[in-house]
Structures are given as C-alpha cells and as structure tokens.
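A.B. asks: Dumping the structure here so I can ask a few things about it.
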Number of protein chains: 4
Amino acid sequence: MKAAIVGVTGYTGIELVRLIHQHPVLTLGTLHSHSLHKNSISEIYPHLQQLYKQEVEAYDAEKIMACNDLVFFATPSGISKDLVADFVQKDFPVIDLSGDLRLKNLESYRKWYQKEPTTQEMIDQAVYAFPEFTIEKSNLLANPGCYATAAILALVPLVQAELIELDTIILDGKSGLSGAGKQLSDASHYVTVDENMSMYKLNQHQHIPEIIQFLQQFDQTLTTLQFTTSLIPVKRGIFMTLYAKVKLGITLDQIQQTYQQAYENKPFVRLQDGSLPELRQVIGTNFCDIGFGFNEDNRVLTVVSVIDNLVKGAAGQAIQNFNKWAELDETSGLMHVPLFP
Amino acid sequence: MKAAIVGVTGYTGIELVRLIHQHPVLTLGTLHSHSLHKNSISEIYPHLQQLYKQEVEAYDAEKIMACNDLVFFATPSGISKDLVADFVQKDFPVIDLSGDLRLKNLESYRKWYQKEPTTQEMIDQAVYAFPEFTIEKSNLLANPGCYATAAILALVPLVQAELIELDTIILDGKSGLSGAGKQLSDASHYVTVDENMSMYKLNQHQHIPEIIQFLQQFDQTLTTLQFTTSLIPVKRGIFMTLYAKVKLGITLDQIQQTYQQAYENKPFVRLQDGSLPELRQVIGTNFCDIGFGFNEDNRVLTVVSVIDNLVKGAAGQAIQNFNKWAELDETSGLMHVPLFP
Amino acid sequence: MKAAIVGVTGYTGIELVRLIHQHPVLTLGTLHSHSLHKNSISEIYPHLQQLYKQEVEAYDAEKIMACNDLVFFATPSGISKDLVADFVQKDFPVIDLSGDLRLKNLESYRKWYQKEPTTQEMIDQAVYAFPEFTIEKSNLLANPGCYATAAILALVPLVQAELIELDTIILDGKSGLSGAGKQLSDASHYVTVDENMSMYKLNQHQHIPEIIQFLQQFDQTLTTLQFTTSLIPVKRGIFMTLYAKVKLGITLDQIQQTYQQAYENKPFVRLQDGSLPELRQVIGTNFCDIGFGFNEDNRVLTVVSVIDNLVKGAAGQAIQNFNKWAELDETSGLMHVPLFP
Amino acid sequence: MKAAIVGVTGYTGIELVRLIHQHPVLTLGTLHSHSLHKNSISEIYPHLQQLYKQEVEAYDAEKIMACNDLVFFATPSGISKDLVADFVQKDFPVIDLSGDLRLKNLESYRKWYQKEPTTQEMIDQAVYAFPEFTIEKSNLLANPGCYATAAILALVPLVQAELIELDTIILDGKSGLSGAGKQLSDASHYVTVDENMSMYKLNQHQHIPEIIQFLQQFDQTLTTLQFTTSLIPVKRGIFMTLYAKVKLGITLDQIQQTYQQAYENKPFVRLQDGSLPELRQVIGTNFCDIGFGFNEDNRVLTVVSVIDNLVKGAAGQAIQNFNKWAELDETSGLMHVPLFP
C-alpha cells in the first residue's frame, strides 16, 4: 500500500520515511511539504541518497488521493484541521500525527493550542487511536502526542485498577530536542542546549488535556494533573517520571500484577523486572519500557516510562495504528533492535 | 592562610584548587592523595601547568598541621571519619566535604552509608555547616552534600513558614556525571551516559537523612521524603525539582514573600523573578538559583533550584564556610561570573 | 543460516545481533563470551528484552560447530588468533572482526599489536576481505578495521589511478567513543570525553600497516603514511579526512571521474555531489559517504569519508562479507535508512 | 578604567563581561547592542543576576566616549569598519574583536568577507595586535581571529626558524559551536550538531588571509595555505592540527628548542612536555597549549594547539592586548585555572 506523507521534511515526517522503508506492506508514495520543494527528497536529506529519489511536492489533496492508499499528516498543529476535510469527504484514510484532532472538546483545543479548532462534525469522526487500548475503527485516526504516550502507558493500569489517589498524580517529563521540532529558536541552538537542562510550559503543555481526556474513560473523577516538561541534552527520547500515592493497603505485589495484566499481550510495552529503564534502551524503536519503585514509608509509587519520542511517540505509533487499521500484525515492520550503544 | 587538601586528585579536590587560586586570603598548602603521588600536581592535571607545581604527597597528619593553617578533606565517604581525630585533638581547623560527619545519628550513617560510623564524641564536635542558615562555630565543619544543598535551599522557606503539607514533598534531582566522582564503572563510561538518562538510588540516596535531619530543626514532624536522583548527560550541575502541595488558602504571593524574606541577605541565592532557572546559569559559580510555579487547580507548588554540584554543592560551599569561619565577607573569592555560554 | 557470535557482549558483538535481527537469511545462533555468562542476553542488555532470550555461554568450539553454520569472532585482538585453528581444521566458516588475521607479515603484527602473532600457515589461509575490492574466497575471512575502512575507501581510487604524490598522504581520523570498546579507563569516562577532543596513538595506530598492506596491491611504492586518530564526543562514527597533493596537471574533473568509476557498482559507497558528507548521515548504516574539495593553488586534495564504525567499520561490513561469501545480494539485510536525526 | 562594549549580547561580548569582572583595573562601562535594548543586562542573561545591572543601550559614539576610557567592539564583521571613524578622529582607544580591521589589503577583505572594506586611511592606523609578537602601539587595535590565533601560535616558530617546507603546510581546525556565533541556522540547531561532525568553508575561511599576512613578516614566500574548519559537538574550544614536512636534516631536538625559545617568556603559551594537549585543559582560560609529534619516516611534523575560542581566541586576547596597551602586566586578570572537569 502506498502512503503519502504531508510535512515530510519535519522530524516525524522523515521518521515515517525511515520506518516505511522497513515495512513489509507500506511503501513510500507521494511526499509533500509546504515550504521545501525539491526534485528529490535526498537533496534535502543526504542521508537518503541512493535510498529514495521521490520528489517533494507542494500539497495537493487530489493528487494524494489519486496516487496513494492513505495519507499521514506529519504537520505542526494548526494545519491538518483544515486540510483533512477533503479526505474525510471521500472517506480516504488519514492518520494525523498532529494535535489537531485529538481533543473532543473544541474549547479545550482553543485554550491549549491557542488556535481555532476544527468543526464538531470533523472531531466526531476522528478516533483518538491509542493502539494498546483503542478498539474503535475509523478512516480518520488521531495519533497520540509523545508526552501523552509515555504518560498514558504509565498511568492507565493504576487508574483502571483504582490503585492511586488521583489528586496526588505528578508527571515530570524530560524530552530530547527533536521533540521540539526543527524550527529555529534560541532555545534550540546547540550552545543553549548542550550542558544544560531547562523546564518549560509548566502546567501549560498542550498534551495535558489529551491525557486527562483519555484517562477519564477509566475514571471520570480525574480532572487535573500536575505536569512538567523539561529539555535534556539528547536528540531523541522521553523519560517520564510519574509519582502518585497509592491507596492505603495497596501492596507492591498488587501493583506489579496490575501492570503485568494490563500489558500481557501488548508487544511494545516491556515491563522491567525489578529495575528502572534507561532512556537509551528504546532509542530507534517502538518500545515503551516501564519500571517502578515503591516507597512504603510514604506510599509514594514512582513509575518511569521511556519511549523514543519520534517512534512510539509519533511515527512508530502511527505505523502501529496503520497495522491495526489494516488488520496486519500490530508489530509488522516495527520490531527493531534499538541502536545500541 | 594556607590550606591543605586531602584527596586533591578527585573532582572536588581539584575544584578546591581552582577556587583557592582566586581567593584573596587562602593559598594552596600541601596536597595529599592516597593513591596518586607525583612530583607535581600538573603532571596529573595538565590544565594546571604553569599555575601550580605543588607535589602530591602521601597523607601525613603531622606534616599537614605543621605546614598549613587548615585542612579540607575532599575524600570519598569512609575516609575522613577515621583521620580527623588527629586534627580534632589539637583543635586544628578541618572542613570535611565528605558525608562522614554530617549525620548526628550514628545508626543512620551505618544504614545509609553501609559503613562503620565515627565515634559519638567526634560527631558531637562536628557542626553541619550550611552557610545560609548555620551560626554555630567550630573547628570541625561538615560541609553539606550536593543534592542536599539544592534540596535544602528549595525547602527551608516552605518548611519554616509551614506553607506545605509535609507528606506531599517529592524531590526529583538530576545530576551531571561529575557528581558520581571519577571512579570507573560501566555507568560512567561515555557510551553509557551520552544520549541517555537513568534514575538511580531511588529512595536510597545517602543525602536523604541529611536533608531530613536539617529540616527537622524547622519542623520536627518531617520524617520522610520522596527522593529520586537521575543522571543526565552533562558534566556539572544539579537540577532539583521539588513538588509539594501548599496548605489550603496559601497564595502565590505568600510563597513569593516567604522566599524573598528567607533569602534577602543571602548573596548566593538568586530568586528568579517569575521564571524558572536553567542549569547553565550557575555553572562554575557558587550561586543557587531558585524559581517556582504554582498550580492553583491542585495546589501543587513546583520549585526548581539549580547549583553547580562541584561549587555550591561542594568546594565553593566549603570556601563559603571557610569565609564565615575566618570572619571574612561570605563572598570572598567566590563572586564569579558563570562560564557562559 | 545460524551464526554464532564469540564476544557477543562487546560493542561489535551486540551490533551483530542488531543487524542479524534484520537479515533475511542469517539467524542468531549460539552466543559466547569469555567473562559474562547469563541465562539470557537480555539480562545483560535490557534493550534486547522480548527480542532475544538466548543464553550467553562460555566459549566452546565443538558446540559452536555443532549448532551453527558459521561463526563471527567479535573479540578484542589477541583472542581469535589462537581460537580459529579448531574451525580452520574442519573448514568451518569463520569471519574474524578482530585484527588478528589481517596482517600477512607476522613481524608487523608483533610490532603493531605488541602480541605474539598467529602461525604463518593460518595467516596464509586467511583472506583480508574488503568487500568493495576483494574477490578471493575463503572460509577464513579477516574483516577490515574501522579506521582502515574509511581510509581505504577514500584512498583506493587515487592510488589505483596514480593521481596523487604518495609521500604527501595525510590521514586525519576522528572517531566516536564506541571505537575504543567498552573497557573502562580514564580516557573513556564521560567527564573526560564530554566537551573535549584529544589525539591519541599518533602514527602508532595498529590500522596503519593494514592500510599500507592493502594499498600496496595498487602501488608497491607506498610504504609509509601520516596517520593520526582523535576522539570526539560522539558515540558512533568515523570522520576521516585525507589530504594529498595531486600530481601536476591533474584536474578536478579527472578526480571526480576516477571516484565515480571506482564506485559505480558499489552500493554502500555514496559519492557526494559537490558537497562534503556529515558524520550523522551514515549512523546506523553500512554506507560510506565520500566528498572532496580541491585547492588549485597548492594542488591539495581534501577528501572526507564518513562511516559508522560499528556498522561499515565492523559488524555491517562483516555481514556484507557474509553476503558475498554466501552468494547473496551484497546488500541483503543491510539497506537501512540511517537513524536521523 | 571603564570599558564600553559594543555588541555585548553576542558570545564574545558577554565573555568580555565575564573577564572584566575579574580584572584588577578594568571595570564595566556602558553596554551597547544594535537589536536588544533592556533596562538591565541580566534580563537578557540571567546568569548575570546580582552581578550586573547595567542597561543595554543603543549605540551612541558620543556617549561611549563621554562615559568610558576605551571601547571594545565585539560585533560581527561589517559593523565596526564604519563605526570606528568617530573614535579614531578623537584618538579614543578602540579594540576591535571583529575581522574588519585585520587585513591590510582592502581587496583581500572584499574577497574573503564579501563586504565593502573600510578606508585605506583607517586600515593604515589599525595595528593587528597579536600580543605574543606585536610590539607596535596604537589606539586602534585589531584583535586576531580565533582560528588564526591557534594557527599562528602553532606556526610562527617553525616559519621563523625556517624549519618546514612552506608548501606542505596543512591546517585542520576543529571548533566548538560558540565560534559560529549565536545567530540561528539549521547548522547550529542542537539536533544538527549533537552526535555529528561536519566540515565547512573548505579553503574559504576568512581567517586564511589573516594568517598568511601575519606569517609573511617572517617569510615572504608563504603565499598559500591548506586550511579546513570543522564543527565538533562542544560549546567552546578550537583544536588545531598542523601538518608540515620539516626540511631534510631537521631533528626533533631542533624543533623542540625552537618552540621553547619562541615561547620562553610568553605566559599564555604552554608547551606540552612530550605529550599532546587535550581541548578541555584550556577551557575558560587564555592559555594556548601546544604539543607535537614527529614522524621520522616521512618527515611529517604534527602540531596540536588548543585554545578557548572565546578567551584566547577573542575576549581574553583582547584583554591581553589591553593589558599591554595599558602597560600592565600582560597576565593581569587573566591567570585563571581552567574549569575542570
């Protein structure tokens, strides 16, 4: 099947190219960018020399539908919300990696993204597709955000099994720079980032409403989260730390069993056996590795979940969503060994 | 005044050399190491060529007292506890940068350091010298630990003013590699650390009892802390994040005023004006920069404090303690502009 | 076909595991280590969880031959030279990634490796297998060194076509830390490497004789090289810079055509079109990207070749050698898109 | 004495602030920027909080002369060439850190900088001030470039003593990112730089004519250089490698003695005793450390010189030039211990 990529020159777009290259069913279709048009993708990205010669074209919905079997939107937020209408109208399959179709509440989108939302009709058709939990099918899939992915996989078993006091949840996320995209700013200059760590968007990150919305299907009383995001000097990866008080009487054993049951048949979630995962053990792959420690003195549970923000946090999860949509094995083309060291 | 350094070849020892070089009163005395003896310190450390030619000698308490006015112990834990007796007997001034003399409870030392403690008599004479708060004087000063310094400066105003619920305190510390010392291990190999982040000693870090002991002078009911420590790929620096619920009715204004009053005359604590500090803004200096954000929805206060673990977290604070002991201006020789960028 | 790996816990061993995972014909056979024996390779390397459960066993030549179709030696120099005899005797296929079987002159091995060489008989059977140039076949293949690979691919077209003055060759190689292996030393400590660059083994690197030996098949008069190696703060990759004076009258056009002809049908050598390659464009892959610039004022040609030291410089090239040996397509299982960014 | 800084918000401007802070005679005067005007320099640079509150003002030549004793231009090339006239007219002391006043040949400036040069009159008054070699005095000093500094210190003894064949000189420079300034570009984005190395401006770097011009005072026959510059993933520092063939009959002893004599009374040049310097041993300081190795087989001498590009390569050298101009000890305020590790 041929997949078009809109926004192919961004980090998640180019990561889709890498992953599709190794996929047994998907092949690269037409490539589109708003700003960079070249005769060949490898003129922009020399690492693709002798691998791909596709032209990078201007956006053209008709051509995309004519030449491909589905389309990935790897665009910044605020783009796909207006563009997907053409595809939805013709029921052409869309997987949107941006934040535009994730929030069911249009006001919430307006507040957190500071942009005009899409229409109610459109948002009603979109399915927030978290492949480990979502069973609903649709030709309009909203792929989860990177921080949201790491947070949700850490939290769902606890919330579902009612093990924790919801008002004690603290999510402390650390991300590599690719998470901020390739736009230029003082904050992404090498000299700013190297040998530094900085916190940003304290309680203002746009993935917060997405996490709350998703967790409310397990517990409606969850309405707020403490959520911080920091930049660390690495290219890729999210290191998410979750703290929460477990309810009185809950034991470490119960916590372990809850996680094991939740992820028994989930090939991309790897529970650590009594240890904590390091960031590097998932780089380049679709795995989410989870470990935890329990402090009996104050009943604080610490959970660490690590993902590659561009794979499980973006392009890999999009392929995983495709696999499920296409009724392939969920792991098709995604079972890579991490680049290690 | 001449200062001897025991353990001069470690990171904090060599940092003492750097700071003493710029001090108006202190000069470098005899240098000692257990393992590395050389005719000149610059044979071990080429960065000191043409700056210092002192011999690195074997440890010799008599010689240290004969040739110097005071001694800094920059040794790993487990060394100074046995060696300081000779100095204490003759009331020769000692500033100990290791953890050996910090914990008043000998059992606590045995538990957290997994080593035999010093004697009760010795620990009774030692003063835990936190220069922003300690007024007691002594010729046997225990210099605080690096994580403890960042945690205590973030916490004292809140605990002292009874603004937070003590059982909600969560300390999430991130440190550069120099904090782990220069001993070789898989965990400190470049290939392990680069592009990685890992959590270690979850609720087992030996600075935990030191923080609790110190805070108990402000509130005896504080008996436990949630405390995690992680390694991030930088050489120097601690980025400490504190989360705690403020008590009902406490406002952001009150929090701000409390910090301002606490640190009004403390030249090395710089409160950020409405922003959060980045790690790099303190590197190479004795500053601790503190900022915070308040989530009114769930009453969670987030405080970030950053220090250079080798300066304010070790050698710089030791000089600051010396300055106070010698009745110099607290900032003597310590008011550097950070190396930036 | 099943491949055993001896020395699987080293960086090149574990990279063989990664590459074999994606190979259409090779599968992982028995795994061996001299020091680390575990019930499962994923106990040592958590990044392999749920991908591999093979036991890491002690070395056992009989078992290796009984259970596998070939064996890769990914051992440090000085090991395989004694161990391969058992396999050679039974004509069992061996690909040796160490330096033990590369040098035809035993004295040369003794001089450069400071170790006792293998026997003349053994060295006579071994073929130095540089897949772009070697056509000889053998069941005992010596895989080229990492620096040697980058140097040889930059030099062969020039030497073969007699374009340069041989006594002006200067090779200035920069390598990431994985090239130094995972043994612990001050030189590989994170704090030593980060924000640093250092040159080592000036004209003493053991890859020098291997390069000269190989190039002499094109020009016997080449007997010496200026060769330096430096460490830069990256995990993977070799950035090799070659300087040489071209002979009087040689034009940039001739140089370009020479390279193009030399690498016309070599799928892993990618000539840059008028630009210089960056290190990152080959990471994780078997590509060698080559670019050059010509200074007409002084006739100095500058050639830059970049490889991933663990792939084209070690494990990938070994698989490429296997592909040729097994008469598969040379690129089988090796045509990956680089991990980018 | 009060020093104004024009271009204070750039990396060299802010480094001047750091160095002046530790200087016994210089104090910070007025601060100027073309784009960023703030009530306080510490609003732009939080690392300066509680150290400096000076306003960052628009450029104003009259005010600079009224309020200060001298002015440092820390502006990009193309700015000071037009602005210095006002100061020259009144014989007000100027130290220009940009490239505008370095090249005596106006055509050369036009060619290498791709900008209109200053006037012949102005260039005649400017002195290219290389503090280790220049004795001429002037109120208009052109401070050398960073690569030029590392190259000149490596080359002068060899050229002066006629030890090398001039047409074999190869300079291979590697620089940290701060050398490229803080302007935003794809090339300075963290994700581009981290885990990468790239060569740029091959034989096109604007420091080439400056090096040749300076060396011609020792040997007029030197007219061309092979010169490459690369970026390595560090913040600060230049690692310059020089290759050259020594003339027949020259011995290692002669080379060593030549360097020793050349730098006998030069406090900032530290010759390594038989070893090669690492980049990190000069960071934060005005030192240039030099080491070399000699290959007797092919008479190639390898020289490595390392500097901090922002100190000896810019702001530190400017202070050193000031010290000489003010007839202070050359090392005043510049004898720091490097930040190590």
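Each chain of the structure tokens is named A, B, ... in the order shown, its residues numbered from 1; ligands are numbered from 1 in display order.
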At a cut-off of 8 Å, can you tabulate as a tab-separated table every residue of chain A near chain C together with its closest atom pair and the distance in Å to one decimal, using only C-alpha atoms and ordering rows by chain then number?

C.D. replies:
residue	atom	partner	partner_atom	distance
A:Tyr11	CA	C:Pro341	CA	7.1
A:Ile14	CA	C:Phe340	CA	7.8
A:Glu15	CA	C:Phe340	CA	7.3
A:Arg18	CA	C:Val337	CA	5.4
A:His21	CA	C:Val337	CA	7.2
A:Gln22	CA	C:His336	CA	7.6
A:Pro46	CA	C:Gln281	CA	6.5
A:His47	CA	C:Gln281	CA	4.3
A:Leu48	CA	C:Val337	CA	6.7
A:Gln49	CA	C:Arg270	CA	7.3
A:Gln50	CA	C:Arg270	CA	7.5
A:Leu51	CA	C:Val337	CA	7.4
A:Ser178	CA	C:Pro341	CA	7.6
A:Lys235	CA	C:Pro341	CA	7.3
A:Arg270	CA	C:Gln49	CA	7.3
A:Arg280	CA	C:His47	CA	7.9
A:Gln281	CA	C:His47	CA	4.3
A:Val282	CA	C:His47	CA	6.4
A:Gly284	CA	C:Leu339	CA	7.0
A:His336	CA	C:Gln22	CA	7.6
A:Val337	CA	C:Arg18	CA	5.4
A:Pro338	CA	C:His47	CA	6.4
A:Leu339	CA	C:Gly284	CA	7.0
A:Phe340	CA	C:Glu15	CA	7.3
A:Pro341	CA	C:Tyr11	CA	7.1

A.B. asks: Which neighbours of segment 247-263 of chain D fall inside 6 Å, counting only C-alpha atoms, when residues of the same chain fewer than 2 positions from it are skipped, and could you give them as a VMD selection string?

C.D. replies: chain D and resid 157 163 to 165 265 to 266

A.B. asks: Counting only C-alpha atoms, which of B:Tyr190, B:Phe92, B:Phe214, B:Tyr243 gets nearest to Val127 of chain B?

C.D. replies: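 That would be B:Phe214, the residue with the smallest distance to Val127 of chain B.
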
A.B. asks: Which value, in Å to one decimal, gives the distance between atom CA of Ala61 of chain D and atom CA of Pro93 of chain D?

C.D. replies: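 Value for the atom CA of Ala61 of chain D-atom CA of Pro93 of chain D distance: 12.3 Å.
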
A.B. asks: Between atom CA of Ile5 of chain A and atom CA of Ile238 of chain A, what distance in Å does the model show, to one decimal?

C.D. replies: 24.1 Å

A.B. asks: List the spatial neighbours of Leu106 of chain D as a PyMOL selection string - criterion: any atom at most 12 Å away, only C-alpha atoms, same-chain residues fewer than 5 positions off excluded.

C.D. replies: chain D and resi 81+100-101+111-124+209

A.B. asks: Select, from B:Ile232, B:Leu16, B:Ala3, B:Ala129, the residue with the minimum atom-to-atom distance to Lys174 of chain A, counting only C-alpha atoms.

C.D. replies: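 When distances to Lys174 of chain A are compared using only C-alpha atoms, the smallest one comes from B:Ile232.
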